[in-house]
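A.B. asks: Pasting structure10.txt here (compact mmCIF, C-alpha atoms and all ligand atoms):
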# COMPACT_ATOMS: atom_id res chain seq x y z
CA MET A 207 -44.83 -44.02 62.97
CA ALA A 208 -47.30 -41.13 63.18
CA ASP A 209 -47.66 -40.92 66.96
CA ARG A 210 -44.30 -39.76 68.29
CA ASP A 211 -42.66 -36.79 69.86
CA GLY A 212 -40.27 -34.87 67.67
CA PHE A 213 -40.05 -32.73 64.55
CA ILE A 214 -40.18 -33.27 60.80
CA TRP A 215 -38.88 -30.74 58.28
CA TYR A 216 -41.86 -30.03 56.04
CA ASP A 217 -41.79 -27.48 53.22
CA GLY A 218 -39.07 -25.44 54.86
CA LYS A 219 -40.24 -25.55 58.48
CA LEU A 220 -39.77 -27.87 61.42
CA VAL A 221 -43.26 -29.05 62.34
CA ASP A 222 -44.41 -31.16 65.23
CA TRP A 223 -44.19 -34.88 64.33
CA ARG A 224 -47.91 -35.47 64.83
CA ASP A 225 -48.83 -32.47 62.67
CA ALA A 226 -46.72 -33.57 59.69
CA THR A 227 -49.77 -34.82 57.78
CA THR A 228 -51.18 -34.48 54.31
CA HIS A 229 -54.67 -34.66 52.74
CA VAL A 230 -56.13 -37.99 51.54
CA LEU A 231 -56.39 -36.49 48.05
CA THR A 232 -52.61 -36.08 47.86
CA HIS A 233 -51.63 -36.88 44.27
CA THR A 234 -48.62 -39.06 45.11
CA LEU A 235 -50.69 -41.15 47.51
CA HIS A 236 -52.90 -42.10 44.56
CA TYR A 237 -50.39 -42.60 41.77
CA GLY A 238 -46.94 -43.01 43.34
CA MET A 239 -45.26 -40.19 41.41
CA GLY A 240 -42.71 -38.97 43.92
CA VAL A 241 -39.03 -39.30 44.72
CA PHE A 242 -37.24 -40.07 47.92
CA GLU A 243 -33.96 -40.99 49.55
CA GLY A 244 -32.77 -43.14 52.40
CA VAL A 245 -29.83 -41.63 54.25
CA ARG A 246 -28.12 -42.55 57.51
CA ALA A 247 -26.25 -40.70 60.23
CA TYR A 248 -23.98 -42.59 62.59
CA GLU A 249 -22.61 -41.81 65.99
CA THR A 250 -18.92 -40.93 65.68
CA PRO A 251 -16.27 -39.76 68.17
CA LYS A 252 -17.05 -36.20 67.00
CA GLY A 253 -20.83 -36.50 67.34
CA PRO A 254 -23.40 -37.59 64.78
CA ALA A 255 -22.26 -37.56 61.14
CA ILE A 256 -24.36 -37.99 58.00
CA PHE A 257 -22.85 -40.39 55.49
CA ARG A 258 -22.46 -39.11 51.91
CA LEU A 259 -25.20 -36.51 52.35
CA GLN A 260 -24.35 -34.56 49.20
CA ASP A 261 -24.44 -37.73 47.10
CA HIS A 262 -27.90 -38.58 48.43
CA THR A 263 -29.18 -35.07 47.81
CA ASP A 264 -27.70 -35.13 44.32
CA ARG A 265 -29.51 -38.41 43.62
CA LEU A 266 -32.78 -36.97 44.96
CA PHE A 267 -32.50 -34.13 42.46
CA ARG A 268 -31.52 -36.51 39.65
CA SER A 269 -34.56 -38.67 40.45
CA ALA A 270 -36.77 -35.57 40.32
CA LYS A 271 -35.27 -34.53 37.00
CA ILE A 272 -35.91 -37.98 35.54
CA LEU A 273 -39.58 -37.74 36.57
CA GLY A 274 -39.83 -34.14 35.36
CA MET A 275 -40.55 -32.87 38.85
CA ASP A 276 -39.35 -29.38 39.81
CA LEU A 277 -38.22 -29.25 43.42
CA PRO A 278 -39.03 -25.96 45.15
CA PHE A 279 -35.94 -26.03 47.41
CA SER A 280 -32.22 -25.95 46.66
CA LYS A 281 -29.79 -28.76 47.37
CA ASP A 282 -28.30 -26.63 50.15
CA ASP A 283 -31.76 -26.27 51.72
CA ILE A 284 -32.23 -30.04 51.68
CA ASN A 285 -28.77 -30.66 53.15
CA GLN A 286 -29.47 -28.14 55.89
CA ALA A 287 -32.85 -29.79 56.58
CA HIS A 288 -31.01 -33.03 57.41
CA LEU A 289 -28.82 -31.22 59.93
CA ASP A 290 -31.86 -29.46 61.39
CA VAL A 291 -33.83 -32.65 61.99
CA VAL A 292 -30.92 -34.38 63.72
CA LYS A 293 -30.54 -31.43 66.06
CA ALA A 294 -34.26 -30.87 66.63
CA ASN A 295 -34.79 -34.54 67.49
CA LYS A 296 -31.54 -34.78 69.48
CA LEU A 297 -30.48 -37.88 67.55
CA GLN A 298 -27.05 -39.52 67.78
CA SER A 299 -27.66 -41.89 64.89
CA CYS A 300 -30.64 -42.17 62.57
CA TYR A 301 -32.18 -43.02 59.24
CA PHE A 302 -33.48 -40.10 57.17
CA ARG A 303 -36.35 -40.08 54.77
CA PRO A 304 -36.34 -37.08 52.45
CA MET A 305 -39.24 -37.23 50.01
CA ALA A 306 -40.74 -34.93 47.39
CA PHE A 307 -44.34 -35.51 46.42
CA TYR A 308 -47.21 -33.82 44.62
CA GLY A 309 -49.80 -32.31 46.94
CA SER A 310 -53.60 -32.32 46.68
CA GLY A 311 -53.79 -29.41 44.22
CA LYS A 312 -55.22 -31.57 41.45
CA LEU A 313 -56.13 -35.22 41.19
CA GLY A 314 -56.14 -35.99 37.47
CA VAL A 315 -53.27 -38.13 36.27
CA ALA A 316 -51.32 -34.99 35.37
CA PRO A 317 -50.23 -33.37 38.66
CA LYS A 318 -50.30 -29.66 39.40
CA LYS A 319 -46.68 -29.03 38.51
CA ASP A 320 -46.05 -26.31 41.08
CA ASP A 321 -47.60 -28.31 43.92
CA VAL A 322 -44.47 -30.16 45.05
CA ARG A 323 -44.07 -30.70 48.78
CA ILE A 324 -40.92 -31.90 50.50
CA ILE A 325 -40.28 -33.55 53.84
CA VAL A 326 -37.14 -34.68 55.64
CA ALA A 327 -37.90 -37.00 58.56
CA ALA A 328 -35.39 -38.79 60.79
CA TRP A 329 -35.68 -41.51 63.42
CA PRO A 330 -33.46 -44.15 65.04
CA TRP A 331 -33.30 -47.34 62.98
CA GLY A 332 -31.08 -50.35 63.64
CA ALA A 333 -29.84 -53.00 61.23
CA TYR A 334 -32.43 -53.28 58.42
CA LEU A 335 -31.91 -57.01 57.88
CA GLY A 336 -31.15 -57.69 61.54
CA GLU A 337 -27.96 -57.76 63.64
CA GLU A 338 -27.80 -61.50 63.16
CA GLY A 339 -28.05 -61.02 59.41
CA LEU A 340 -25.01 -58.72 59.46
CA GLU A 341 -23.00 -61.38 61.25
CA LYS A 342 -24.28 -64.66 59.92
CA GLY A 343 -25.75 -63.67 56.58
CA ILE A 344 -29.32 -63.80 55.31
CA ARG A 345 -31.42 -66.25 53.33
CA VAL A 346 -32.62 -64.94 49.97
CA LYS A 347 -35.12 -66.16 47.41
CA THR A 348 -35.15 -65.36 43.70
CA SER A 349 -38.34 -63.42 43.14
CA SER A 350 -41.14 -64.44 40.81
CA PHE A 351 -41.53 -60.69 40.21
CA THR A 352 -39.29 -59.18 37.52
CA ARG A 353 -37.40 -55.93 38.18
CA HIS A 354 -38.58 -52.94 36.19
CA HIS A 355 -38.01 -52.77 32.49
CA VAL A 356 -35.85 -49.74 31.76
CA ASN A 357 -38.53 -48.12 29.64
CA ILE A 358 -41.52 -48.58 31.94
CA THR A 359 -40.67 -46.88 35.19
CA MET A 360 -37.29 -45.25 35.33
CA CYS A 361 -34.79 -47.46 37.13
CA LYS A 362 -32.29 -44.66 37.86
CA ALA A 363 -34.91 -42.70 39.79
CA LYS A 364 -35.52 -43.59 43.41
CA ALA A 365 -39.20 -43.12 42.76
CA ASN A 366 -42.04 -43.97 45.13
CA GLY A 367 -43.99 -46.00 42.57
CA ASN A 368 -41.00 -48.23 41.83
CA TYR A 369 -41.32 -49.67 45.33
CA MET A 370 -44.57 -51.46 44.61
CA ASN A 371 -42.40 -53.96 42.73
CA SER A 372 -40.01 -54.11 45.70
CA ILE A 373 -42.84 -54.72 48.16
CA LEU A 374 -44.36 -57.50 46.05
CA ALA A 375 -40.98 -59.21 45.91
CA ASN A 376 -40.13 -58.70 49.57
CA ASN A 377 -43.57 -59.83 50.77
CA GLU A 378 -43.34 -62.98 48.67
CA ALA A 379 -39.86 -63.84 49.97
CA THR A 380 -40.63 -63.18 53.63
CA ALA A 381 -43.97 -65.04 53.46
CA ASP A 382 -41.97 -68.01 52.21
CA GLY A 383 -39.67 -67.76 55.22
CA TYR A 384 -36.72 -65.96 53.59
CA ASP A 385 -35.19 -62.66 54.67
CA GLU A 386 -35.12 -60.86 51.33
CA ALA A 387 -35.84 -61.20 47.61
CA LEU A 388 -33.43 -61.14 44.69
CA LEU A 389 -35.01 -59.69 41.56
CA LEU A 390 -34.00 -60.59 38.03
CA ASP A 391 -34.24 -58.20 35.10
CA VAL A 392 -36.50 -58.69 32.08
CA ASP A 393 -33.82 -60.84 30.41
CA GLY A 394 -33.46 -63.05 33.48
CA PHE A 395 -30.17 -61.61 34.74
CA VAL A 396 -29.60 -60.62 38.35
CA ALA A 397 -30.67 -57.01 38.97
CA GLU A 398 -30.81 -56.24 42.70
CA GLY A 399 -32.57 -56.90 45.99
CA SER A 400 -35.86 -55.20 46.85
CA GLY A 401 -33.84 -52.39 48.45
CA GLU A 402 -30.21 -53.37 47.88
CA ASN A 403 -27.53 -53.83 45.24
CA ILE A 404 -25.76 -57.17 45.10
CA PHE A 405 -22.14 -58.30 44.86
CA ILE A 406 -20.69 -61.77 44.50
CA VAL A 407 -17.15 -62.95 45.11
CA ARG A 408 -15.49 -65.61 42.99
CA LYS A 409 -11.85 -66.62 43.19
CA GLY A 410 -10.99 -63.42 45.03
CA LYS A 411 -12.66 -61.10 42.50
CA LEU A 412 -15.78 -59.04 43.06
CA TYR A 413 -18.61 -59.04 40.56
CA THR A 414 -21.67 -56.80 40.53
CA PRO A 415 -24.40 -56.37 37.92
CA ASP A 416 -24.15 -53.32 35.70
CA LEU A 417 -26.68 -50.64 36.49
CA THR A 418 -29.05 -51.12 33.56
CA SER A 419 -32.06 -51.87 35.71
CA ALA A 420 -30.70 -51.44 39.22
CA LEU A 421 -30.53 -48.31 41.34
CA GLU A 422 -27.20 -46.50 41.33
CA GLY A 423 -26.55 -47.32 44.98
CA ILE A 424 -24.37 -45.04 47.04
CA THR A 425 -23.33 -47.97 49.23
CA ARG A 426 -22.49 -49.89 46.06
CA ASP A 427 -20.23 -47.03 45.00
CA THR A 428 -18.68 -46.92 48.48
CA VAL A 429 -17.96 -50.66 48.36
CA VAL A 430 -16.45 -50.35 44.88
CA GLN A 431 -14.10 -47.65 46.19
CA ILE A 432 -13.21 -49.64 49.32
CA ALA A 433 -12.52 -52.75 47.25
CA GLN A 434 -10.36 -50.83 44.80
CA GLU A 435 -8.36 -49.39 47.68
CA GLN A 436 -7.85 -52.93 48.99
CA GLY A 437 -6.52 -53.97 45.59
CA LEU A 438 -9.49 -56.18 44.74
CA GLU A 439 -10.55 -56.49 41.14
CA ILE A 440 -14.17 -55.48 40.50
CA ILE A 441 -16.01 -56.58 37.41
CA GLU A 442 -19.36 -55.06 36.41
CA LYS A 443 -21.20 -57.45 34.18
CA ARG A 444 -24.42 -59.34 33.65
CA ILE A 445 -24.71 -62.01 36.33
CA THR A 446 -26.91 -65.09 36.23
CA ARG A 447 -28.62 -66.66 39.22
CA ASP A 448 -26.49 -69.78 38.86
CA GLU A 449 -23.38 -67.63 39.17
CA VAL A 450 -24.75 -66.52 42.53
CA TYR A 451 -25.49 -70.13 43.52
CA SER A 452 -21.89 -71.10 42.84
CA ALA A 453 -20.22 -67.93 44.16
CA ASP A 454 -17.73 -68.15 47.03
CA GLU A 455 -19.44 -65.24 48.80
CA ALA A 456 -22.31 -62.84 48.16
CA PHE A 457 -23.59 -59.74 49.88
CA PHE A 458 -26.17 -56.99 49.59
CA THR A 459 -25.39 -53.29 49.94
CA GLY A 460 -27.70 -50.42 50.80
CA THR A 461 -27.99 -47.46 53.12
CA ALA A 462 -30.53 -49.35 55.22
CA ALA A 463 -29.04 -52.83 54.68
CA GLU A 464 -25.43 -51.58 54.98
CA VAL A 465 -23.22 -54.54 53.97
CA THR A 466 -25.26 -57.69 54.62
CA PRO A 467 -23.82 -61.11 53.74
CA ILE A 468 -26.06 -63.52 51.81
CA ARG A 469 -25.60 -67.02 53.13
CA GLU A 470 -28.17 -68.78 51.00
CA LEU A 471 -30.02 -68.25 47.72
CA ASP A 472 -32.96 -70.53 46.87
CA ARG A 473 -31.88 -73.07 49.50
CA ARG A 474 -28.35 -73.33 48.12
CA ALA A 475 -25.67 -72.36 50.60
CA ILE A 476 -23.34 -69.73 49.19
CA GLY A 477 -19.71 -70.70 49.81
CA GLU A 478 -19.49 -71.99 53.36
CA GLY A 479 -23.03 -70.76 54.09
CA SER A 480 -21.76 -68.00 56.36
CA ARG A 481 -20.20 -64.53 56.09
CA GLY A 482 -17.13 -64.93 53.87
CA PRO A 483 -13.72 -63.33 54.56
CA ILE A 484 -13.84 -60.72 51.77
CA THR A 485 -17.38 -59.72 52.76
CA ALA A 486 -16.27 -59.46 56.39
CA ALA A 487 -13.31 -57.23 55.48
CA ILE A 488 -15.45 -54.90 53.34
CA GLN A 489 -18.17 -54.79 55.98
CA GLN A 490 -15.64 -53.92 58.71
CA LYS A 491 -14.15 -51.15 56.59
CA TYR A 492 -17.62 -49.82 55.77
CA PHE A 493 -18.60 -49.61 59.44
CA ASN A 494 -15.29 -47.99 60.35
CA ILE A 495 -15.85 -45.34 57.68
CA VAL A 496 -19.47 -44.51 58.55
CA LYS A 497 -18.66 -44.43 62.26
CA GLY A 498 -15.88 -41.89 61.75
CA LEU A 499 -13.05 -44.32 62.59
CA ASP A 500 -11.29 -44.04 59.25
CA ALA A 501 -9.54 -40.71 58.73
CA GLU A 502 -8.96 -41.33 55.01
CA HIS A 503 -12.68 -41.30 54.29
CA GLU A 504 -13.77 -38.47 56.54
CA HIS A 505 -14.67 -36.40 53.48
CA TRP A 506 -17.77 -38.61 53.17
CA LEU A 507 -19.05 -37.46 56.57
CA THR A 508 -21.06 -34.35 57.32
CA TYR A 509 -20.78 -33.70 61.03
CA VAL A 510 -23.83 -32.32 62.77
CA LYS A 511 -22.69 -29.42 64.88
N1 LIG B 601 -31.58 -50.73 45.07
C1 LIG B 601 -32.78 -50.35 45.55
C2 LIG B 601 -34.01 -50.79 44.85
C3 LIG B 601 -32.86 -49.58 46.72
O1 LIG B 601 -34.04 -49.22 47.22
C4 LIG B 601 -31.67 -49.22 47.39
C5 LIG B 601 -31.75 -48.40 48.65
N2 LIG B 601 -31.75 -47.04 48.38
C6 LIG B 601 -30.45 -49.62 46.83
C7 LIG B 601 -30.44 -50.38 45.67
C8 LIG B 601 -29.15 -49.24 47.48
O2 LIG B 601 -28.93 -47.86 47.34
P1 LIG B 601 -28.09 -47.05 48.43
O3 LIG B 601 -26.86 -47.81 48.64
O4 LIG B 601 -27.85 -45.73 47.80
O5 LIG B 601 -28.93 -46.96 49.64
Would you give me this structure, written as structure tokens?
Ligand code: PMP
C.D. replies:
Amino acid sequence: MADRDGFIWYDGKLVDWRDATTHVLTHTLHYGMGVFEGVRAYETPKGPAIFRLQDHTDRLFRSAKILGMDLPFSKDDINQAHLDVVKANKLQSCYFRPMAFYGSGKLGVAPKKDDVRIIVAAWPWGAYLGEEGLEKGIRVKTSSFTRHHVNITMCKAKANGNYMNSILANNEATADGYDEALLLDVDGFVAEGSGENIFIVRKGKLYTPDLTSALEGITRDTVVQIAQEQGLEIIEKRITRDEVYSADEAFFTGTAAEVTPIRELDRRAIGEGSRGPITAAIQQKYFNIVKGLDAEHEHWLTYVK
């Protein structure tokens, strides 16, 4: 990732990609206290457009507030930084990584509070769980790692340190030949994927876990709105793994993962073991919206001009 042409927005300036570095004594590198986002821009008939940019920036600031981190830039600055990196890198579609972290000002556990650095990087990134996964569905394994307890790390913050748990789960699942992990909460109920929210479909109704220990996904919210518009009933409730086993359909949602069908959990085929019809309809609508082909949802797009 480090050796590329291009520019990264770093503390208010566009710097050369290869110069966007930080010292080895960077606080966040040691302890994981930082916040970030994952955002996407898609190619549309009117040029590249960033999907739900303001919502992502709002969540970045909420995450920072939860961790007690003061960000030295405004939301408008961060929004503008996204536009700047698309233009500077001449991208048509991309994934963005905004991140705020503590610098190398001090290395005790308590960071130097006014030493917050921010980057916004962007690069082309295809389907996170593979093109085939989008079409045929992925194979998922229930993780032996439990999702965060609500009073240990903060589940509503998209915080760097939270992802150690995600990586443990994802590594375990992929080493065992699966595509992704499903994490359960401390009480054994379904929480989320390592980087996705989950939905199941049963008898034409959509179910998704409440957000007690899952991230408040922006794709999740998008899917809820799409489903409501299509007249589908959505129920937020505690879900057990056996409810997923016996669901008619299941899918993951996330900015990176988009809407990815789950065809198997723990070697049990879900429904027909392929992308189900409700998943397919929601996925199609989602891609139409993000690609600027759905006039009713254009308010979610920020065009890069
Ligand atoms: N849960 C976790 C743990 C995630 O990392 C993500 C990706 N940001 C999501 C859910 C989905 O969130 P979003 O739809 O906002 O990308």
A.B. asks: Taking all atoms listed in the file into account, produce a table as a Markdown table in which each residue of chain A with an atom at most 9 Å from an atom of ligand LIG 601 (chain B) appears once, together with its shortest atom pair and the distance in Å to one decimal, ordered by chain and rising number.
C.D. replies:
| residue | atom | partner | partner_atom | distance |
| --- | --- | --- | --- | --- |
| A:Phe242 | CA | B:LIG601 | N2 | 8.9 |
| A:Glu243 | CA | B:LIG601 | N2 | 6.5 |
| A:Gly244 | CA | B:LIG601 | N2 | 5.7 |
| A:Val245 | CA | B:LIG601 | O5 | 7.1 |
| A:Asp261 | CA | B:LIG601 | O4 | 8.7 |
| A:His262 | CA | B:LIG601 | O4 | 7.2 |
| A:Arg265 | CA | B:LIG601 | O4 | 8.6 |
| A:Cys361 | CA | B:LIG601 | C2 | 8.4 |
| A:Lys364 | CA | B:LIG601 | O1 | 7.0 |
| A:Asn368 | CA | B:LIG601 | C2 | 8.0 |
| A:Tyr369 | CA | B:LIG601 | C2 | 7.4 |
| A:Ser372 | CA | B:LIG601 | C2 | 6.9 |
| A:Ala397 | CA | B:LIG601 | N1 | 8.8 |
| A:Glu398 | CA | B:LIG601 | N1 | 6.0 |
| A:Gly399 | CA | B:LIG601 | N1 | 6.3 |
| A:Ser400 | CA | B:LIG601 | C2 | 5.2 |
| A:Gly401 | CA | B:LIG601 | O1 | 3.4 |
| A:Glu402 | CA | B:LIG601 | C7 | 3.7 |
| A:Asn403 | CA | B:LIG601 | C7 | 4.5 |
| A:Ile404 | CA | B:LIG601 | C7 | 8.3 |
| A:Ala420 | CA | B:LIG601 | N1 | 6.0 |
| A:Leu421 | CA | B:LIG601 | N1 | 4.6 |
| A:Glu422 | CA | B:LIG601 | O2 | 6.4 |
| A:Gly423 | CA | B:LIG601 | O2 | 3.4 |
| A:Ile424 | CA | B:LIG601 | O4 | 3.6 |
| A:Thr425 | CA | B:LIG601 | O3 | 3.6 |
| A:Arg426 | CA | B:LIG601 | O3 | 5.5 |
| A:Asp427 | CA | B:LIG601 | O3 | 7.6 |
| A:Thr428 | CA | B:LIG601 | O3 | 8.2 |
| A:Phe458 | CA | B:LIG601 | C8 | 8.6 |
| A:Thr459 | CA | B:LIG601 | O3 | 5.8 |
| A:Gly460 | CA | B:LIG601 | O3 | 3.5 |
| A:Thr461 | CA | B:LIG601 | O5 | 3.6 |
| A:Ala462 | CA | B:LIG601 | O5 | 6.3 |
| A:Ala463 | CA | B:LIG601 | O5 | 7.7 |
| A:Glu464 | CA | B:LIG601 | O3 | 7.5 |
A.B. asks: Quick one: of A:Glu378, A:Asp416, A:Glu341, A:Asp391, who's nearest to Gln490 (chain A), counting only C-alpha atoms?
C.D. replies: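 Closest residue, counting only C-alpha atoms: A:Glu341.
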A.B. asks: Using all atoms listed in the file, pick whichever of A:Ala208, A:Glu455, A:Arg268, A:Phe257 has the shortest atom-to-atom distance to Tyr301 (chain A).
C.D. replies: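 Closest to Tyr301 (chain A), using all atoms listed in the file: A:Phe257.
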A.B. asks: Which residue out of A:Ile488, A:Met305, A:Leu390, A:Val407 has the minimum interatomic distance to Gln434 (chain A) when all atoms listed in the file are used?
C.D. replies: A:Ile488
A.B. asks: Any idea what's packed within 12 Å of Arg303 (chain A), counting only C-alpha atoms, ignoring anything in its chain fewer than 4 positions away? Could you give it as a PyMOL selection string?
C.D. replies: chain A and resi 214-216+241-247+259+262-263+266+284+287-288+291-292+324-331+364+366+461-462
A.B. asks: How many Å lie between CA of Arg469 (chain A) and CA of Val356 (chain A), rounded to one decimal?
C.D. replies: 29.3 Å
A.B. asks: Missing atoms in region 231-249 of chain A need filling: write out N, CA and C atoms for it as an mmCIF file, keeping the file's coordinate frame.
C.D. replies:
data_model
loop_
_atom_site.group_PDB
_atom_site.id
_atom_site.type_symbol
_atom_site.label_atom_id
_atom_site.label_comp_id
_atom_site.auth_asym_id
_atom_site.auth_seq_id
_atom_site.Cartn_x
_atom_site.Cartn_y
_atom_site.Cartn_z
ATOM 1 N N LEU A 231 -56.381 -36.657 49.507
ATOM 2 C CA LEU A 231 -56.390 -36.490 48.050
ATOM 3 C C LEU A 231 -55.007 -36.065 47.523
ATOM 4 N N THR A 232 -53.980 -36.345 48.300
ATOM 5 C CA THR A 232 -52.610 -36.080 47.860
ATOM 6 C C THR A 232 -52.299 -36.904 46.607
ATOM 7 N N HIS A 233 -51.855 -36.238 45.574
ATOM 8 C CA HIS A 233 -51.630 -36.880 44.270
ATOM 9 C C HIS A 233 -50.719 -38.112 44.371
ATOM 10 N N THR A 234 -49.589 -37.959 45.046
ATOM 11 C CA THR A 234 -48.620 -39.060 45.110
ATOM 12 C C THR A 234 -49.178 -40.278 45.842
ATOM 13 N N LEU A 235 -50.058 -40.038 46.794
ATOM 14 C CA LEU A 235 -50.690 -41.150 47.510
ATOM 15 C C LEU A 235 -51.504 -42.014 46.541
ATOM 16 N N HIS A 236 -52.070 -41.372 45.525
ATOM 17 C CA HIS A 236 -52.900 -42.100 44.560
ATOM 18 C C HIS A 236 -52.101 -42.779 43.458
ATOM 19 N N TYR A 237 -51.046 -42.093 42.982
ATOM 20 C CA TYR A 237 -50.390 -42.600 41.770
ATOM 21 C C TYR A 237 -48.910 -42.948 41.946
ATOM 22 N N GLY A 238 -48.329 -42.600 43.078
ATOM 23 C CA GLY A 238 -46.940 -43.010 43.340
ATOM 24 C C GLY A 238 -45.867 -42.185 42.669
ATOM 25 N N MET A 239 -46.252 -41.021 42.098
ATOM 26 C CA MET A 239 -45.260 -40.190 41.410
ATOM 27 C C MET A 239 -44.568 -39.287 42.433
ATOM 28 N N GLY A 240 -43.467 -39.745 42.946
ATOM 29 C CA GLY A 240 -42.710 -38.970 43.920
ATOM 30 C C GLY A 240 -41.301 -39.514 43.939
ATOM 31 N N VAL A 241 -40.419 -38.825 44.628
ATOM 32 C CA VAL A 241 -39.030 -39.300 44.720
ATOM 33 C C VAL A 241 -38.577 -39.217 46.175
ATOM 34 N N PHE A 242 -37.697 -40.110 46.532
ATOM 35 C CA PHE A 242 -37.240 -40.070 47.920
ATOM 36 C C PHE A 242 -35.812 -40.574 48.029
ATOM 37 N N GLU A 243 -35.296 -40.493 49.235
ATOM 38 C CA GLU A 243 -33.960 -40.990 49.550
ATOM 39 C C GLU A 243 -34.016 -41.755 50.857
ATOM 40 N N GLY A 244 -32.994 -42.533 51.094
ATOM 41 C CA GLY A 244 -32.770 -43.140 52.400
ATOM 42 C C GLY A 244 -31.337 -42.798 52.746
ATOM 43 N N VAL A 245 -31.150 -42.141 53.859
ATOM 44 C CA VAL A 245 -29.830 -41.630 54.250
ATOM 45 C C VAL A 245 -29.614 -42.071 55.690
ATOM 46 N N ARG A 246 -28.351 -42.216 56.100
ATOM 47 C CA ARG A 246 -28.120 -42.550 57.510
ATOM 48 C C ARG A 246 -27.102 -41.595 58.121
ATOM 49 N N ALA A 247 -27.291 -41.370 59.426
ATOM 50 C CA ALA A 247 -26.250 -40.700 60.230
ATOM 51 C C ALA A 247 -25.819 -41.686 61.300
ATOM 52 N N TYR A 248 -24.538 -41.696 61.575
ATOM 53 C CA TYR A 248 -23.980 -42.590 62.590
ATOM 54 C C TYR A 248 -23.354 -41.782 63.709
ATOM 55 N N GLU A 249 -23.304 -42.407 64.856
ATOM 56 C CA GLU A 249 -22.610 -41.810 65.990
ATOM 57 C C GLU A 249 -21.109 -41.970 65.744
#
